[in-house]
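> Below is start_17.cif; it holds mmCIF, C-alpha atoms.
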```cif
data_my_file
loop_
_atom_site.group_PDB
_atom_site.id
_atom_site.type_symbol
_atom_site.label_atom_id
_atom_site.label_comp_id
_atom_site.auth_asym_id
_atom_site.auth_seq_id
_atom_site.Cartn_x
_atom_site.Cartn_y
_atom_site.Cartn_z
ATOM 1 C CA MET A 1 99.673 125.193 105.641
ATOM 2 C CA ASN A 2 97.434 127.881 104.231
ATOM 3 C CA THR A 3 95.033 130.266 105.938
ATOM 4 C CA SER A 4 92.280 127.651 106.239
ATOM 5 C CA SER A 5 94.706 125.296 107.945
ATOM 6 C CA SER A 6 92.355 124.658 110.853
ATOM 7 C CA ASN A 7 89.646 123.515 108.394
ATOM 8 C CA LEU A 8 92.225 121.303 106.757
ATOM 9 C CA ASP A 9 93.285 119.917 110.147
ATOM 10 C CA TYR A 10 89.639 119.197 111.077
ATOM 11 C CA THR A 11 89.159 117.419 107.749
ATOM 12 C CA LEU A 12 92.296 115.332 108.074
ATOM 13 C CA VAL A 13 91.485 114.395 111.680
ATOM 14 C CA ALA A 14 87.943 113.483 110.629
ATOM 15 C CA LEU A 15 89.227 111.244 107.845
ATOM 16 C CA ALA A 16 91.968 109.650 109.930
ATOM 17 C CA ASP A 17 89.627 107.293 111.747
ATOM 18 C CA PRO A 18 88.269 104.126 110.037
ATOM 19 C CA THR A 19 84.879 104.318 111.816
ATOM 20 C CA ARG A 20 84.415 107.886 110.644
ATOM 21 C CA ARG A 21 85.444 106.903 107.129
ATOM 22 C CA GLY A 22 82.851 104.120 107.314
ATOM 23 C CA ILE A 23 80.191 106.601 108.380
ATOM 24 C CA LEU A 24 81.047 108.864 105.460
ATOM 25 C CA GLN A 25 80.977 105.886 103.098
ATOM 26 C CA ARG A 26 77.452 105.138 104.254
ATOM 27 C CA LEU A 27 76.355 108.777 103.980
ATOM 28 C CA SER A 28 77.860 109.193 100.529
ATOM 29 C CA LYS A 29 75.142 106.791 99.349
ATOM 30 C CA GLY A 30 72.426 109.029 100.788
ATOM 31 C CA GLU A 31 70.990 110.694 103.845
ATOM 32 C CA ALA A 32 70.439 108.648 107.015
ATOM 33 C CA ARG A 33 69.137 108.973 110.542
ATOM 34 C CA VAL A 34 71.713 108.930 113.337
ATOM 35 C CA THR A 35 70.295 105.629 114.629
ATOM 36 C CA GLU A 36 70.598 104.076 111.175
ATOM 37 C CA ILE A 37 74.248 105.123 111.059
ATOM 38 C CA ALA A 38 75.020 103.535 114.423
ATOM 39 C CA ALA A 39 73.527 100.163 113.538
ATOM 40 C CA PRO A 40 76.382 98.549 111.528
ATOM 41 C CA PHE A 41 79.102 99.545 113.999
ATOM 42 C CA ALA A 42 79.738 97.386 117.039
ATOM 43 C CA ILE A 43 80.047 100.477 119.258
ATOM 44 C CA SER A 44 77.695 102.436 121.462
ATOM 45 C CA LEU A 45 75.422 105.180 120.204
ATOM 46 C CA ASN A 46 77.418 107.499 122.423
ATOM 47 C CA SER A 47 80.639 106.672 120.576
ATOM 48 C CA VAL A 48 78.959 107.110 117.212
ATOM 49 C CA SER A 49 77.693 110.518 118.343
ATOM 50 C CA LYS A 50 81.251 111.549 119.217
ATOM 51 C CA HIS A 51 82.425 110.510 115.751
ATOM 52 C CA ILE A 52 79.561 112.405 114.142
ATOM 53 C CA ARG A 53 80.476 115.557 116.069
ATOM 54 C CA ILE A 54 84.033 115.339 114.707
ATOM 55 C CA LEU A 55 82.632 114.915 111.189
ATOM 56 C CA GLU A 56 80.304 117.882 111.691
ATOM 57 C CA ARG A 57 83.185 120.001 112.947
ATOM 58 C CA ALA A 58 84.934 119.311 109.663
ATOM 59 C CA ARG A 59 81.674 120.146 107.828
ATOM 60 C CA LEU A 60 81.835 116.744 106.139
ATOM 61 C CA VAL A 61 78.462 115.932 107.620
ATOM 62 C CA LYS A 62 75.416 118.201 107.772
ATOM 63 C CA ARG A 63 72.403 117.661 109.996
ATOM 64 C CA ARG A 64 68.785 118.484 109.369
ATOM 65 C CA ARG A 65 65.920 118.068 111.769
ATOM 66 C CA SER A 66 62.542 116.805 110.664
ATOM 67 C CA GLY A 67 60.251 116.526 113.641
ATOM 68 C CA ARG A 68 62.151 114.406 116.134
ATOM 69 C CA ASP A 69 64.378 112.795 113.515
ATOM 70 C CA HIS A 70 67.885 114.014 112.788
ATOM 71 C CA PHE A 71 69.033 113.280 109.271
ATOM 72 C CA LEU A 72 72.716 113.356 108.423
ATOM 73 C CA SER A 73 74.087 113.977 104.959
ATOM 74 C CA PHE A 74 77.537 113.955 103.410
ATOM 75 C CA ASN A 75 79.028 117.270 102.322
ATOM 76 C CA PRO A 76 81.951 116.775 99.918
ATOM 77 C CA LYS A 77 83.067 120.424 99.903
ATOM 78 C CA PRO A 78 85.866 119.938 102.483
ATOM 79 C CA LEU A 79 87.239 117.162 100.248
ATOM 80 C CA ASP A 80 87.291 119.601 97.317
ATOM 81 C CA GLU A 81 89.165 122.066 99.479
ATOM 82 C CA THR A 82 91.623 119.420 100.584
ATOM 83 C CA ALA A 83 92.101 118.319 96.975
ATOM 84 C CA ALA A 84 92.759 121.935 96.052
ATOM 85 C CA TRP A 85 95.358 122.144 98.815
ATOM 86 C CA ILE A 86 97.050 119.041 97.453
ATOM 87 C CA ASP A 87 97.132 120.633 94.005
ATOM 88 C CA SER A 88 98.747 123.708 95.503
ATOM 89 C CA GLN A 89 101.333 121.493 97.171
ATOM 90 C CA ARG A 90 102.170 120.191 93.715
ATOM 91 C CA SER A 91 102.815 123.733 92.523
ATOM 92 C CA VAL A 92 105.063 124.371 95.493
ATOM 93 C CA TRP A 93 107.180 121.274 94.816
ATOM 94 C CA LYS A 94 107.318 122.099 91.107
ATOM 95 C CA ALA A 95 108.702 125.526 91.989
ATOM 96 C CA ARG A 96 111.340 123.931 94.221
ATOM 97 C CA LEU A 97 112.458 121.546 91.480
ATOM 98 C CA ASP A 98 112.592 124.450 89.012
ATOM 99 C CA ALA A 99 114.717 126.441 91.454
ATOM 100 C CA LEU A 100 117.010 123.448 91.968
ATOM 101 C CA ALA A 101 117.450 123.045 88.199
ATOM 102 C CA GLU A 102 118.228 126.732 87.831
ATOM 103 C CA SER A 103 120.784 126.719 90.667
ATOM 104 C CA LEU A 104 122.599 123.749 89.086
ATOM 105 C CA ALA A 105 122.531 125.526 85.706
ATOM 106 C CA ALA A 106 123.942 128.655 87.357
ATOM 107 C CA GLU A 107 126.783 126.553 88.808
ATOM 108 C CA ASP A 108 127.522 125.271 85.306
ATOM 109 C CA ARG A 109 127.545 128.801 83.884
ATOM 110 C CA ALA A 110 129.887 129.992 86.661
ATOM 111 C CA ALA A 111 132.251 127.067 86.026
ATOM 112 C CA ALA A 112 132.260 127.837 82.301
ATOM 113 C CA THR A 113 133.448 131.424 82.906
ATOM 114 C CA MET A 114 136.457 130.335 84.971
ATOM 115 C CA PRO A 115 138.425 128.381 82.404
ATOM 116 C CA ASN A 116 141.991 129.500 83.044
ATOM 117 C CA LYS A 117 142.410 130.028 86.737
ATOM 118 C CA ARG A 118 144.767 127.088 87.115
ATOM 119 C CA GLY A 119 148.301 126.836 85.658
ATOM 120 C CA ARG A 120 148.605 130.424 84.512
ATOM 121 C CA SER A 121 150.101 133.330 86.371
ATOM 122 C CA GLN A 122 147.874 136.323 86.735
ATOM 123 C CA PRO A 123 149.149 139.780 85.737
ATOM 124 C CA MET B 1 93.279 108.392 88.373
ATOM 125 C CA SER B 2 93.058 112.159 88.361
ATOM 126 C CA THR B 3 95.090 114.298 90.732
ATOM 127 C CA ARG B 4 91.782 115.618 92.022
ATOM 128 C CA THR B 5 91.003 112.393 93.811
ATOM 129 C CA SER B 6 94.552 111.473 94.706
ATOM 130 C CA ALA B 7 96.256 112.302 97.966
ATOM 131 C CA VAL B 8 99.613 112.316 96.214
ATOM 132 C CA ALA B 9 101.024 115.514 94.757
ATOM 133 C CA ARG B 10 103.394 114.394 92.024
ATOM 134 C CA VAL B 11 105.645 116.366 89.720
ATOM 135 C CA SER B 12 108.259 115.242 87.187
ATOM 136 C CA ARG B 13 111.032 117.246 85.616
ATOM 137 C CA THR B 14 114.039 116.667 83.416
ATOM 138 C CA PHE B 15 117.407 117.992 84.538
ATOM 139 C CA ALA B 16 120.515 118.672 82.472
ATOM 140 C CA ALA B 17 122.657 117.662 85.446
ATOM 141 C CA SER B 18 123.777 114.145 86.389
ATOM 142 C CA PRO B 19 121.742 112.049 88.849
ATOM 143 C CA GLU B 20 124.575 112.381 91.383
ATOM 144 C CA ARG B 21 124.574 116.188 91.243
ATOM 145 C CA VAL B 22 120.805 116.395 91.574
ATOM 146 C CA PHE B 23 120.712 113.840 94.391
ATOM 147 C CA ASP B 24 123.516 115.551 96.312
ATOM 148 C CA ALA B 25 121.801 118.936 95.990
ATOM 149 C CA TRP B 26 119.077 117.687 98.352
ATOM 150 C CA LEU B 27 121.576 116.723 101.069
ATOM 151 C CA ASP B 28 124.052 119.604 100.882
ATOM 152 C CA PRO B 29 123.020 122.456 103.217
ATOM 153 C CA GLU B 30 124.650 125.129 101.042
ATOM 154 C CA LYS B 31 122.858 123.924 97.943
ATOM 155 C CA VAL B 32 119.516 123.596 99.738
ATOM 156 C CA HIS B 33 119.904 127.135 101.012
ATOM 157 C CA LEU B 34 120.437 128.424 97.453
ATOM 158 C CA TRP B 35 117.531 126.702 95.757
ATOM 159 C CA TRP B 36 115.155 127.248 98.648
ATOM 160 C CA LYS B 37 115.810 130.988 98.493
ATOM 161 C CA ALA B 38 115.423 130.906 94.708
ATOM 162 C CA SER B 39 112.071 129.108 94.911
ATOM 163 C CA ALA B 40 110.801 131.613 97.493
ATOM 164 C CA ALA B 41 111.876 134.472 95.221
ATOM 165 C CA ALA B 42 110.159 132.848 92.234
ATOM 166 C CA ALA B 43 106.966 132.671 94.301
ATOM 167 C CA GLY B 44 107.172 136.393 94.996
ATOM 168 C CA ARG B 45 108.389 135.918 98.575
ATOM 169 C CA GLY B 46 111.957 137.055 98.008
ATOM 170 C CA ALA B 47 111.535 140.034 100.318
ATOM 171 C CA THR B 48 109.385 138.344 102.951
ATOM 172 C CA GLU B 49 111.138 135.015 103.349
ATOM 173 C CA THR B 50 114.644 134.372 104.669
ATOM 174 C CA VAL B 51 116.424 131.105 105.225
ATOM 175 C CA GLU B 52 117.586 131.109 108.848
ATOM 176 C CA ARG B 53 119.385 127.780 109.021
ATOM 177 C CA ILE B 54 119.654 124.500 107.143
ATOM 178 C CA HIS B 55 120.619 121.424 109.124
ATOM 179 C CA ILE B 56 121.013 118.042 107.422
ATOM 180 C CA ASP B 57 121.987 114.760 109.027
ATOM 181 C CA ALA B 58 122.295 112.716 105.847
ATOM 182 C CA HIS B 59 121.970 109.131 106.902
ATOM 183 C CA GLN B 60 119.056 106.754 107.174
ATOM 184 C CA GLY B 61 117.086 107.684 110.274
ATOM 185 C CA GLY B 62 118.832 111.068 110.393
ATOM 186 C CA SER B 63 116.806 114.253 110.573
ATOM 187 C CA PHE B 64 116.846 117.549 108.740
ATOM 188 C CA SER B 65 115.597 121.016 109.520
ATOM 189 C CA PHE B 66 115.121 123.811 106.986
ATOM 190 C CA LEU B 67 114.353 126.784 109.215
ATOM 191 C CA VAL B 68 112.762 129.657 107.379
ATOM 192 C CA ARG B 69 111.285 133.002 108.427
ATOM 193 C CA ARG B 70 108.243 133.885 106.356
ATOM 194 C CA ASP B 71 106.356 137.145 107.002
ATOM 195 C CA GLY B 72 107.999 137.230 110.412
ATOM 196 C CA GLN B 73 106.862 133.708 111.342
ATOM 197 C CA LEU B 74 109.447 130.988 111.917
ATOM 198 C CA ILE B 75 108.595 127.823 110.023
ATOM 199 C CA ASP B 76 110.672 124.692 110.450
ATOM 200 C CA HIS B 77 110.450 122.236 107.561
ATOM 201 C CA THR B 78 111.586 119.108 109.268
ATOM 202 C CA GLY B 79 111.617 115.371 108.881
ATOM 203 C CA THR B 80 113.564 112.143 108.926
ATOM 204 C CA TYR B 81 115.341 110.368 106.102
ATOM 205 C CA LEU B 82 113.666 107.008 105.514
ATOM 206 C CA GLU B 83 115.741 105.924 102.490
ATOM 207 C CA ILE B 84 118.958 107.323 101.064
ATOM 208 C CA ASP B 85 119.864 105.343 97.924
ATOM 209 C CA ARG B 86 122.294 107.552 96.040
ATOM 210 C CA PRO B 87 121.702 108.576 93.337
ATOM 211 C CA ARG B 88 118.373 106.819 92.647
ATOM 212 C CA ARG B 89 115.970 107.338 95.489
ATOM 213 C CA LEU B 90 115.534 109.618 98.458
ATOM 214 C CA VAL B 91 112.605 109.288 100.843
ATOM 215 C CA PHE B 92 111.899 111.450 103.867
ATOM 216 C CA THR B 93 109.033 112.415 106.108
ATOM 217 C CA TRP B 94 107.939 116.009 105.686
ATOM 218 C CA ALA B 95 106.391 118.055 108.457
ATOM 219 C CA PRO B 96 106.458 121.859 108.208
ATOM 220 C CA ARG B 97 105.549 123.474 111.501
ATOM 221 C CA ALA B 98 105.339 126.989 112.834
ATOM 222 C CA ILE B 99 107.594 127.513 115.843
ATOM 223 C CA ALA B 100 108.065 130.332 118.315
ATOM 224 C CA SER B 101 111.834 130.392 118.663
ATOM 225 C CA PRO B 102 114.860 128.968 116.828
ATOM 226 C CA ASP B 103 115.573 126.966 119.986
ATOM 227 C CA ASP B 104 112.421 124.949 119.314
ATOM 228 C CA VAL B 105 114.118 123.400 116.317
ATOM 229 C CA GLY B 106 115.433 119.919 116.829
ATOM 230 C CA PRO B 107 114.855 116.313 115.871
ATOM 231 C CA LEU B 108 111.223 115.457 116.403
ATOM 232 C CA PRO B 109 109.994 112.062 117.539
ATOM 233 C CA PRO B 110 109.062 109.977 114.503
ATOM 234 C CA VAL B 111 105.515 110.723 113.335
ATOM 235 C CA ASN B 112 103.192 107.748 113.468
ATOM 236 C CA PRO B 113 102.229 106.795 109.890
ATOM 237 C CA ASP B 114 98.595 106.571 111.055
ATOM 238 C CA SER B 115 98.596 110.166 112.202
ATOM 239 C CA PRO B 116 96.897 112.735 109.929
ATOM 240 C CA ASP B 117 100.075 114.840 110.148
ATOM 241 C CA TYR B 118 102.100 112.113 108.462
ATOM 242 C CA SER B 119 103.337 112.906 105.032
ATOM 243 C CA ARG B 120 106.368 111.785 103.134
ATOM 244 C CA VAL B 121 108.266 112.834 100.059
ATOM 245 C CA ILE B 122 109.685 110.312 97.610
ATOM 246 C CA ILE B 123 112.251 111.436 95.060
ATOM 247 C CA ASP B 124 113.061 109.026 92.244
ATOM 248 C CA ILE B 125 115.908 109.886 89.877
ATOM 249 C CA VAL B 126 116.305 108.077 86.574
ATOM 250 C CA PRO B 127 119.314 108.755 84.333
ATOM 251 C CA SER B 128 118.561 110.016 80.825
ATOM 252 C CA SER B 129 120.678 110.859 77.787
ATOM 253 C CA SER B 130 120.625 114.561 78.665
ATOM 254 C CA GLY B 131 120.989 114.226 82.444
ATOM 255 C CA CYS B 132 118.190 112.759 84.485
ATOM 256 C CA GLU B 133 114.450 112.652 85.065
ATOM 257 C CA VAL B 134 113.276 113.415 88.592
ATOM 258 C CA THR B 135 109.856 112.449 89.926
ATOM 259 C CA LEU B 136 108.873 113.880 93.290
ATOM 260 C CA SER B 137 105.808 112.483 95.064
ATOM 261 C CA HIS B 138 104.430 114.113 98.190
ATOM 262 C CA GLU B 139 102.160 111.573 99.859
ATOM 263 C CA MET B 140 99.595 112.673 102.374
ATOM 264 C CA HIS B 141 98.029 110.477 105.020
ATOM 265 C CA PRO B 142 97.436 107.102 103.318
ATOM 266 C CA GLY B 143 94.054 106.405 104.920
ATOM 267 C CA TRP B 144 92.750 109.619 103.507
ATOM 268 C CA LYS B 145 93.680 108.625 99.984
ATOM 269 C CA ASP B 146 91.662 105.397 100.121
ATOM 270 C CA PHE B 147 88.631 107.200 101.405
ATOM 271 C CA VAL B 148 88.759 109.964 98.867
ATOM 272 C CA ASP B 149 88.960 107.490 95.994
ATOM 273 C CA ARG B 150 85.878 105.571 97.164
ATOM 274 C CA ALA B 151 83.732 108.379 98.523
ATOM 275 C CA VAL B 152 84.357 110.858 95.764
ATOM 276 C CA ASN B 153 83.580 108.137 93.224
ATOM 277 C CA ALA B 154 80.377 107.338 95.083
ATOM 278 C CA TRP B 155 79.480 111.012 95.076
ATOM 279 C CA ARG B 156 80.129 111.235 91.369
ATOM 280 C CA ILE B 157 77.946 108.194 90.751
ATOM 281 C CA MET B 158 75.126 109.909 92.616
ATOM 282 C CA LEU B 159 75.585 113.040 90.541
ATOM 283 C CA ASP B 160 75.637 111.026 87.304
ATOM 284 C CA ALA B 161 72.392 109.390 88.381
ATOM 285 C CA ILE B 162 70.692 112.767 88.510
ATOM 286 C CA ASP B 163 72.132 113.672 85.113
ATOM 287 C CA GLU B 164 74.586 116.282 86.259
ATOM 288 C CA PRO B 165 77.770 116.179 84.187
ATOM 289 C CA VAL B 166 80.987 115.959 86.207
ATOM 290 C CA SER B 167 84.030 117.087 84.274
ATOM 291 C CA GLU B 168 86.976 114.727 84.549
ATOM 292 C CA VAL B 169 90.369 116.215 85.379
ATOM 293 C CA PRO B 170 92.911 114.519 83.103
ATOM 294 C CA ALA B 171 95.396 112.246 84.866
ATOM 295 C CA ARG B 172 98.885 113.675 85.130
#
```
Show the structure stored in the file as structure tokens.

Amino acid sequence: MNTSSSNLDYTLVALADPTRRGILQRLSKGEARVTEIAAPFAISLNSVSKHIRILERARLVKRRRSGRDHFLSFNPKPLDETAAWIDSQRSVWKARLDALAESLAAEDRAAATMPNKRGRSQP
Amino acid sequence: MSTRTSAVARVSRTFAASPERVFDAWLDPEKVHLWWKASAAAAGRGATETVERIHIDAHQGGSFSFLVRRDGQLIDHTGTYLEIDRPRRLVFTWAPRAIASPDDVGPLPPVNPDSPDYSRVIIDIVPSSSGCEVTLSHEMHPGWKDFVDRAVNAWRIMLDAIDEPVSEVPAR
């Protein structure tokens, strides 16, 4: 994992739960009050608040206060960062396959330079 | 589907070697040691990364451990073989983790597929006239992938609605 591995961990933990994914789905359509978010889920407001805190920790959800209302909004930036990490994983695996190909080619080259070791006496 | 919204890192490559040679190179500790070192060197880490030990228990359900020291930190690349179908398909879980001491290496309990730490690598090898074609897919947590596809698309729809162009990354 890279230097922002704790951010990545927070993001992956946030996304690992179906209720939290449902909350993000809702927020990706637009801002909402905390109470509006809780409504569709058959769980207590307390539980929803815990989920929201995990989402905020991952910075996937931002909060703004307007008077007594708290409005939550979806922040996609951690997803961009996670996507970028996945792309970097691709580069890492590509490098490993390249190295594997080269090591097999090196074996072939070494075998090609040892043609007469068998069946001939050495001086 | 672009790689930007996918939780699968996929790469394909042709090899001049036979499927059997390529397949076996993943399960032979001496070979793994060689190409791992070579890939670290190619990434500029030749001086800062050493391979400490490669352990491979090459049967279904068996575990492996590629123990590496990088910038002084021990990192164990470990997992379990889920499928070994020589020479066509190799599937294993993949869980690199930093450890404090070489004694901390060892078979780990299987990672729950619902856990965010779960990832697996699938290697498909198809014979070709010149050798073989290898496709390696590194799959991250599956639940994440579904969400990213829907939510990022929803986000893009919102951006389109306010007339902001979103450039599409070509599918690979």
> Have a look at A:Ile52, A:Ala111, A:Leu104, A:Ala58 and name the one nearest to chain B; count all atoms listed in the file.
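The closest residue to chain B is A:Leu104.
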> Mind pulling up the distance from CA of Ile122 in chain B to CA of Val91 in chain B?
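CA of Ile122 in chain B lies at a distance of 4.5 Å from CA of Val91 in chain B.
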> When you get a sec, could you note down which chain A residues fall within 6 Å of chain B, using all atoms listed in the file, as a list in words?
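The contacting residues on chain A are Leu12, Val13, Leu15, Ala16, Gln25, Ser28, Ala83, Ile86, Arg90, Ala95, Arg96, Ala99 and Leu100 of chain A.
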> As an exercise, work out the distance from CA of Ile75 in chain B to CA of Arg57 in chain A in Å and give it to one decimal place.
26.7 Å
> Hey, can you check how far CA of Gly61 in chain B sits from CA of Ser119 in chain B?
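Taking CA of Gly61 in chain B and CA of Ser119 in chain B, their separation equals 15.6 Å.
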> Can you list, as a ChimeraX atom specification, every protein, DNA or RNA residue that comes within 10 Å of Ile37 in chain A when you count all atoms listed in the file, leaving out same-chain residues fewer than 4 positions away?
/A:22-24,26-27,31-33,41,45,48-49,52,71-72
> With a distance cut-off of 8 Å and all atoms listed in the file, select the neighbouring residues of Arg59 in chain A, excluding the residue or stretch itself and same-chain residues fewer than 4 positions from it, and output the selection as a ChimeraX atom specification.
/A:11,55,75,78
> Written as a compact mmCIF listing (two decimals) with C-alpha atoms, in the coordinates of the input, what is the full residue list that the PyMOL selection byres ((chain B and resi 64) around 7) yields on the file shown?

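This went into expr-v2.txt:
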```txt
# COMPACT_ATOMS: atom_id res chain seq x y z
CA HIS B 55 120.62 121.42 109.12
CA ILE B 56 121.01 118.04 107.42
CA ASP B 57 121.99 114.76 109.03
CA GLY B 62 118.83 111.07 110.39
CA SER B 63 116.81 114.25 110.57
CA SER B 65 115.60 121.02 109.52
CA PHE B 66 115.12 123.81 106.99
CA THR B 78 111.59 119.11 109.27
CA GLY B 79 111.62 115.37 108.88
CA THR B 80 113.56 112.14 108.93
```
> Identify which of the residues A:Ala110, A:Ala84, A:Val34, A:Ile43 lies closest to Thr19 in chain A, counting all atoms listed in the file when measuring atom-to-atom distances.
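Checking each candidate against Thr19 in chain A, we get A:Ile43 as the closest.
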> Taking the file as shown, find all residues satisfying the PyMOL selection byres ((chain B and resi 131) around 7) and write them as a list in words.
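Listing what the PyMOL selection byres ((chain B and resi 131) around 7) selects in the shown file: Phe15, Ala16, Ala17, Ser18, Pro19, Pro127, Ser128, Ser129, Ser130 and Cys132 of chain B.
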> Exactly which residues make up the result of the PyMOL selection byres ((chain B and resi 68) around 10) on this file, given as number ranges by chain?
B: 33, 36-37, 49-54, 65-67, 69-77, 98, 102
> Between A:Thr35, A:Arg21, A:Ser6, A:Arg109, which has the minimum distance to Phe74 in chain A (counting all atoms listed in the file)?
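Checking each of A:Thr35, A:Arg21, A:Ser6, A:Arg109 against Phe74 in chain A, counting all atoms listed in the file, the winner is A:Arg21.
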> Taking all atoms of range 43-53 of chain A that the file lists, what box with edges along x, y and z, padded by 5 Å per side, do you get, with centre and edge lengths in Å to one decimal, as lines of an AutoDock Vina configuration file?

```
center_x = 78.9
center_y = 108.0
center_z = 118.3
size_x = 17.0
size_y = 25.1
size_z = 18.3
```
> Identify the residues within 8 Å of coordinate (91.6, 120.8, 104.9) (same frame as the file), considering all atoms listed in the file, and give the answer as JSON, numbers by chain.
{"A": [4, 5, 6, 7, 8, 9, 10, 11, 12, 78, 79, 81, 82, 85]}
